[in-house]
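S.K.: I have a structure here, written as structure tokens, and I will follow up with some questions on it.
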Amino acid sequence: MFSTSRPLNFGDCDPSGIAYFPSYLNILVGVLEEFFASIGSPWPAMITERRIGTPTLRLDLTFVKPGFHGDRLDFTLRVVRIGNSSIDLDHAVSSSGGLLWKASQRLVATDLDTHKARAWPDDMRAAFMLHLETDHA
């Protein structure tokens, strides 16, 4: 499991102070970028040197309760499946110990020159394997 935290800032909320859901997705992209850096594959190098993209193929969100301006968002990311050119992730986002939302996501490795799916490089696959969780809810 990979964990990190982010603040829910003023600009992430609607006028009533409740988190604006598109902001959640923008924050999630930052969490993904941090995860890839933590496994030794920072996005700048993946994009410019290795020419690998990681577009989202599927994203299923479930909102449980609202987040509010000033909340500390605690993200957990679990690798639940590793395919030849895809990876499935489960996300849980909590604040003060209570679940705010969760998501299931499939990312696909693509060649940035052809824009077609490509196999994960061996080093990335090995790093994903270190995070693979087969027993999840």
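Chain labels run A, B, ... following the order of the structure tokens; each chain numbers its residues from 1, and ligands are numbered from 1 in the order shown.
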With the cut-off set at 6 Å and counting only C-alpha atoms, tabulate each residue of region 59-88 of chain A with an atom at most that distance from an atom of region 96-115 of chain A, showing the nearest atom pair and its distance in Å to one decimal, ordered by chain and increasing number, as a Markdown table.

M.R.:
| residue | atom | partner | partner_atom | distance |
| --- | --- | --- | --- | --- |
| A:Leu59 | CA | A:Gln105 | CA | 4.5 |
| A:Asp60 | CA | A:Ser104 | CA | 5.2 |
| A:Leu61 | CA | A:Ala103 | CA | 4.4 |
| A:Thr62 | CA | A:Lys102 | CA | 5.4 |
| A:Phe63 | CA | A:Trp101 | CA | 4.3 |
| A:Val64 | CA | A:Leu100 | CA | 5.1 |
| A:Lys65 | CA | A:Leu100 | CA | 4.9 |
| A:Ser85 | CA | A:Ala109 | CA | 5.2 |
| A:Ser86 | CA | A:Val108 | CA | 4.2 |
| A:Ile87 | CA | A:Leu107 | CA | 5.4 |
| A:Asp88 | CA | A:Arg106 | CA | 4.5 |

S.K.: Just to be explicit: take each residue in the selection above, keep C-alpha atoms, and write the result as a compact mmCIF listing (two decimals), in the first residue's frame.

M.R.:
# COMPACT_ATOMS: atom_id res chain seq x y z
CA LEU A 59 -12.18 5.24 -13.28
CA ASP A 60 -15.06 4.32 -10.98
CA LEU A 61 -15.70 6.72 -8.10
CA THR A 62 -17.93 6.34 -5.07
CA PHE A 63 -18.49 9.37 -2.86
CA VAL A 64 -19.34 8.53 0.75
CA LYS A 65 -19.45 11.92 2.44
CA SER A 85 0.20 -3.17 -20.34
CA SER A 86 -2.25 -2.17 -17.61
CA ILE A 87 -2.43 -1.85 -13.86
CA ASP A 88 -5.49 -1.75 -11.60

S.K.: Applying 12 Å and only C-alpha atoms, which residues near Phe36 (chain A) remain after dropping the ones on its own chain fewer than 3 positions away? List them as a short mmCIF file (atom, residue, chain, number, x, y, z; two decimals) with N, CA and C atoms, in the first residue's frame.

M.R.:
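Once everything was written out, this is out33.cif:
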data_model
loop_
_atom_site.label_atom_id
_atom_site.label_comp_id
_atom_site.auth_asym_id
_atom_site.auth_seq_id
_atom_site.Cartn_x
_atom_site.Cartn_y
_atom_site.Cartn_z
N PHE A 2 0.51 2.23 -0.76
CA PHE A 2 1.18 3.52 -0.80
C PHE A 2 0.26 4.53 -0.13
N VAL A 29 -4.37 12.92 -9.41
CA VAL A 29 -3.28 12.88 -10.40
C VAL A 29 -1.94 13.16 -9.69
N GLY A 30 -1.93 14.11 -8.78
CA GLY A 30 -0.70 14.39 -8.02
C GLY A 30 -0.28 13.21 -7.17
N VAL A 31 -1.25 12.51 -6.59
CA VAL A 31 -0.94 11.31 -5.80
C VAL A 31 -0.34 10.23 -6.71
N LEU A 32 -0.91 10.05 -7.89
CA LEU A 32 -0.36 9.08 -8.84
C LEU A 32 1.07 9.44 -9.23
N GLU A 33 1.31 10.70 -9.48
CA GLU A 33 2.66 11.14 -9.84
C GLU A 33 3.64 10.84 -8.71
N ILE A 39 8.34 4.64 -6.80
CA ILE A 39 8.80 3.33 -7.29
C ILE A 39 9.97 3.47 -8.27
N GLY A 40 10.52 4.69 -8.37
CA GLY A 40 11.69 4.91 -9.21
C GLY A 40 11.37 5.26 -10.65
N SER A 41 10.13 5.63 -10.92
CA SER A 41 9.71 6.00 -12.28
C SER A 41 9.02 7.36 -12.28
N PRO A 42 9.79 8.43 -12.02
CA PRO A 42 9.16 9.76 -12.02
C PRO A 42 8.62 10.09 -13.41
N TRP A 43 7.46 10.72 -13.42
CA TRP A 43 6.80 11.03 -14.69
C TRP A 43 7.66 11.85 -15.65
N PRO A 44 8.42 12.87 -15.21
CA PRO A 44 9.22 13.60 -16.20
C PRO A 44 10.15 12.69 -16.99
N ALA A 45 10.81 11.75 -16.31
CA ALA A 45 11.70 10.81 -17.01
C ALA A 45 10.91 9.81 -17.85
N MET A 46 9.77 9.35 -17.32
CA MET A 46 8.94 8.42 -18.11
C MET A 46 8.50 9.08 -19.41
N ILE A 47 8.11 10.33 -19.32
CA ILE A 47 7.55 11.02 -20.48
C ILE A 47 8.65 11.42 -21.47
N ILE A 52 6.88 6.94 -22.14
CA ILE A 52 5.77 6.13 -21.63
C ILE A 52 4.72 7.05 -21.03
N GLY A 53 3.48 6.88 -21.45
CA GLY A 53 2.35 7.57 -20.86
C GLY A 53 1.54 6.60 -20.03
N THR A 54 0.71 7.14 -19.14
CA THR A 54 -0.12 6.30 -18.27
C THR A 54 -1.56 6.82 -18.23
N LEU A 77 -3.29 4.03 -1.78
CA LEU A 77 -3.31 3.47 -3.13
C LEU A 77 -2.85 2.03 -3.02
N VAL A 79 -2.17 -1.51 -5.33
CA VAL A 79 -2.05 -2.18 -6.62
C VAL A 79 -2.77 -3.51 -6.47
N LEU A 107 -4.98 2.01 -15.26
CA LEU A 107 -4.05 2.78 -16.06
C LEU A 107 -3.46 1.87 -17.13
N ASP A 123 11.56 -3.22 -15.08
CA ASP A 123 11.84 -2.58 -13.80
C ASP A 123 10.55 -2.03 -13.17
N MET A 124 9.66 -1.51 -13.99
CA MET A 124 8.40 -0.99 -13.46
C MET A 124 7.51 -2.13 -12.99
N ARG A 125 7.45 -3.20 -13.76
CA ARG A 125 6.66 -4.37 -13.37
C ARG A 125 7.16 -4.90 -12.02
N ALA A 127 8.69 -3.24 -9.67
CA ALA A 127 8.32 -2.27 -8.62
C ALA A 127 6.84 -2.39 -8.29
N PHE A 128 5.99 -2.58 -9.30
CA PHE A 128 4.55 -2.79 -9.04
C PHE A 128 4.34 -4.04 -8.20
N HIS A 131 4.26 -3.83 -4.55
CA HIS A 131 3.08 -3.18 -3.98
C HIS A 131 1.80 -3.98 -4.21
#

S.K.: Assign secondary structure with DSSP using the backbone only, and return the residues of chain A in strand (DSSP E) as a PyMOL selection string.

M.R.: chain A and resi 2-7+52-53+56-63+72-82+86-95+98-108+110-111

S.K.: Got time to write the residues from that selection, N, CA and C atoms, as a compact mmCIF listing (two decimals), in the first residue's frame?

M.R.:
# COMPACT_ATOMS: atom_id res chain seq x y z
N PHE A 2 0.51 2.23 -0.76
CA PHE A 2 1.18 3.52 -0.80
C PHE A 2 0.26 4.53 -0.13
N SER A 3 0.79 5.36 0.74
CA SER A 3 -0.01 6.36 1.45
C SER A 3 0.64 7.73 1.36
N THR A 4 -0.20 8.74 1.27
CA THR A 4 0.26 10.13 1.28
C THR A 4 -0.91 11.01 1.71
N SER A 5 -0.63 12.25 2.02
CA SER A 5 -1.68 13.20 2.44
C SER A 5 -1.58 14.49 1.65
N ARG A 6 -2.72 15.13 1.53
CA ARG A 6 -2.81 16.42 0.85
C ARG A 6 -3.83 17.28 1.59
N PRO A 7 -3.62 18.61 1.61
CA PRO A 7 -4.63 19.48 2.20
C PRO A 7 -5.76 19.72 1.20
N ILE A 52 6.88 6.94 -22.14
CA ILE A 52 5.77 6.13 -21.63
C ILE A 52 4.72 7.05 -21.03
N GLY A 53 3.48 6.88 -21.45
CA GLY A 53 2.35 7.57 -20.86
C GLY A 53 1.54 6.60 -20.03
N THR A 56 -5.60 7.00 -18.07
CA THR A 56 -6.63 6.25 -17.36
C THR A 56 -7.59 5.65 -18.37
N LEU A 57 -7.77 4.35 -18.30
CA LEU A 57 -8.72 3.66 -19.15
C LEU A 57 -10.09 3.61 -18.49
N ARG A 58 -10.08 3.41 -17.16
CA ARG A 58 -11.34 3.29 -16.41
C ARG A 58 -11.15 3.94 -15.05
N LEU A 59 -12.20 4.63 -14.60
CA LEU A 59 -12.18 5.24 -13.28
C LEU A 59 -13.58 5.19 -12.72
N ASP A 60 -13.76 4.48 -11.63
CA ASP A 60 -15.06 4.32 -10.98
C ASP A 60 -14.96 4.93 -9.59
N LEU A 61 -15.74 5.98 -9.36
CA LEU A 61 -15.70 6.72 -8.10
C LEU A 61 -16.97 6.49 -7.29
N THR A 62 -16.80 6.40 -5.99
CA THR A 62 -17.93 6.34 -5.07
C THR A 62 -17.69 7.38 -3.98
N PHE A 63 -18.60 8.34 -3.88
CA PHE A 63 -18.49 9.37 -2.86
C PHE A 63 -19.32 8.95 -1.65
N ARG A 72 -7.61 17.51 5.97
CA ARG A 72 -6.39 16.81 5.54
C ARG A 72 -6.87 15.53 4.88
N LEU A 73 -6.56 15.35 3.60
CA LEU A 73 -6.99 14.17 2.86
C LEU A 73 -5.89 13.11 2.93
N ASP A 74 -6.23 11.95 3.44
CA ASP A 74 -5.29 10.83 3.53
C ASP A 74 -5.61 9.85 2.42
N PHE A 75 -4.68 9.66 1.51
CA PHE A 75 -4.84 8.78 0.36
C PHE A 75 -4.12 7.48 0.59
N THR A 76 -4.79 6.37 0.28
CA THR A 76 -4.12 5.07 0.20
C THR A 76 -4.35 4.53 -1.20
N LEU A 77 -3.29 4.03 -1.78
CA LEU A 77 -3.31 3.47 -3.13
C LEU A 77 -2.85 2.03 -3.02
N ARG A 78 -3.65 1.14 -3.58
CA ARG A 78 -3.31 -0.29 -3.57
C ARG A 78 -3.23 -0.79 -5.01
N VAL A 79 -2.17 -1.51 -5.33
CA VAL A 79 -2.05 -2.18 -6.62
C VAL A 79 -2.77 -3.51 -6.47
N VAL A 80 -3.82 -3.73 -7.26
CA VAL A 80 -4.61 -4.95 -7.11
C VAL A 80 -4.51 -5.90 -8.31
N ARG A 81 -3.96 -5.41 -9.44
CA ARG A 81 -3.76 -6.29 -10.60
C ARG A 81 -2.73 -5.65 -11.50
N ILE A 82 -1.84 -6.48 -12.03
CA ILE A 82 -0.83 -6.03 -12.98
C ILE A 82 -1.01 -6.84 -14.24
N SER A 86 -1.34 -2.92 -18.48
CA SER A 86 -2.25 -2.17 -17.61
C SER A 86 -1.97 -2.49 -16.15
N ILE A 87 -2.53 -1.64 -15.31
CA ILE A 87 -2.43 -1.85 -13.86
C ILE A 87 -3.74 -1.36 -13.25
N ASP A 88 -4.27 -2.14 -12.31
CA ASP A 88 -5.49 -1.75 -11.60
C ASP A 88 -5.12 -1.28 -10.20
N LEU A 89 -5.67 -0.14 -9.83
CA LEU A 89 -5.42 0.48 -8.54
C LEU A 89 -6.73 0.70 -7.81
N ASP A 90 -6.70 0.53 -6.50
CA ASP A 90 -7.81 0.92 -5.65
C ASP A 90 -7.34 2.06 -4.77
N HIS A 91 -8.15 3.09 -4.68
CA HIS A 91 -7.84 4.28 -3.89
C HIS A 91 -8.89 4.42 -2.79
N ALA A 92 -8.45 4.85 -1.62
CA ALA A 92 -9.37 5.25 -0.55
C ALA A 92 -8.89 6.60 -0.04
N VAL A 93 -9.82 7.52 0.14
CA VAL A 93 -9.49 8.87 0.58
C VAL A 93 -10.29 9.16 1.84
N SER A 94 -9.57 9.43 2.92
CA SER A 94 -10.19 9.65 4.22
C SER A 94 -9.76 10.99 4.79
N SER A 95 -10.53 11.44 5.78
CA SER A 95 -10.16 12.61 6.56
C SER A 95 -10.60 12.37 7.99
N GLY A 98 -12.36 9.08 8.71
CA GLY A 98 -13.60 8.71 8.03
C GLY A 98 -13.44 8.71 6.52
N LEU A 99 -13.95 7.67 5.87
CA LEU A 99 -13.85 7.55 4.42
C LEU A 99 -14.69 8.63 3.73
N LEU A 100 -14.06 9.39 2.82
CA LEU A 100 -14.77 10.39 2.03
C LEU A 100 -15.16 9.84 0.66
N TRP A 101 -14.23 9.18 0.00
CA TRP A 101 -14.51 8.60 -1.31
C TRP A 101 -13.50 7.51 -1.62
N LYS A 102 -13.88 6.68 -2.58
CA LYS A 102 -13.00 5.60 -3.02
C LYS A 102 -13.10 5.50 -4.53
N ALA A 103 -12.09 4.89 -5.12
CA ALA A 103 -12.06 4.77 -6.57
C ALA A 103 -11.33 3.50 -6.98
N SER A 104 -11.77 2.93 -8.08
CA SER A 104 -11.05 1.86 -8.77
C SER A 104 -10.61 2.43 -10.10
N GLN A 105 -9.35 2.20 -10.45
CA GLN A 105 -8.78 2.83 -11.64
C GLN A 105 -7.93 1.84 -12.40
N ARG A 106 -8.02 1.90 -13.71
CA ARG A 106 -7.12 1.13 -14.58
C ARG A 106 -6.30 2.12 -15.40
N LEU A 107 -4.98 2.01 -15.26
CA LEU A 107 -4.05 2.78 -16.06
C LEU A 107 -3.46 1.87 -17.13
N VAL A 108 -3.13 2.44 -18.27
CA VAL A 108 -2.53 1.67 -19.36
C VAL A 108 -1.21 2.32 -19.74
N THR A 110 1.31 3.40 -22.36
CA THR A 110 1.26 3.68 -23.79
C THR A 110 2.59 4.22 -24.27
N ASP A 111 2.86 3.96 -25.53
CA ASP A 111 4.02 4.52 -26.21
C ASP A 111 3.62 5.93 -26.66

S.K.: Apply DSSP to the backbone of this structure and, from chain A, keep only the residues in alpha helix (DSSP H); write these as a ChimeraX atom specification.

M.R.: /A:21-38,43-45,122-131

S.K.: Select, from A:Gly67, A:Leu132, A:Asn84, A:Gly17, the residue with the minimum atom-to-atom distance to Ala117 (chain A), counting only C-alpha atoms.

M.R.: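 Ranking A:Gly67, A:Leu132, A:Asn84, A:Gly17 by distance to Ala117 (chain A), first place goes to A:Asn84.
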
S.K.: Please provide as a PyMOL selection string all residues within 6 Å of Leu8 (chain A), with the sequence filter that same-chain residues fewer than 6 positions apart are discarded (counting only C-alpha atoms).

M.R.: chain A and resi 69-71
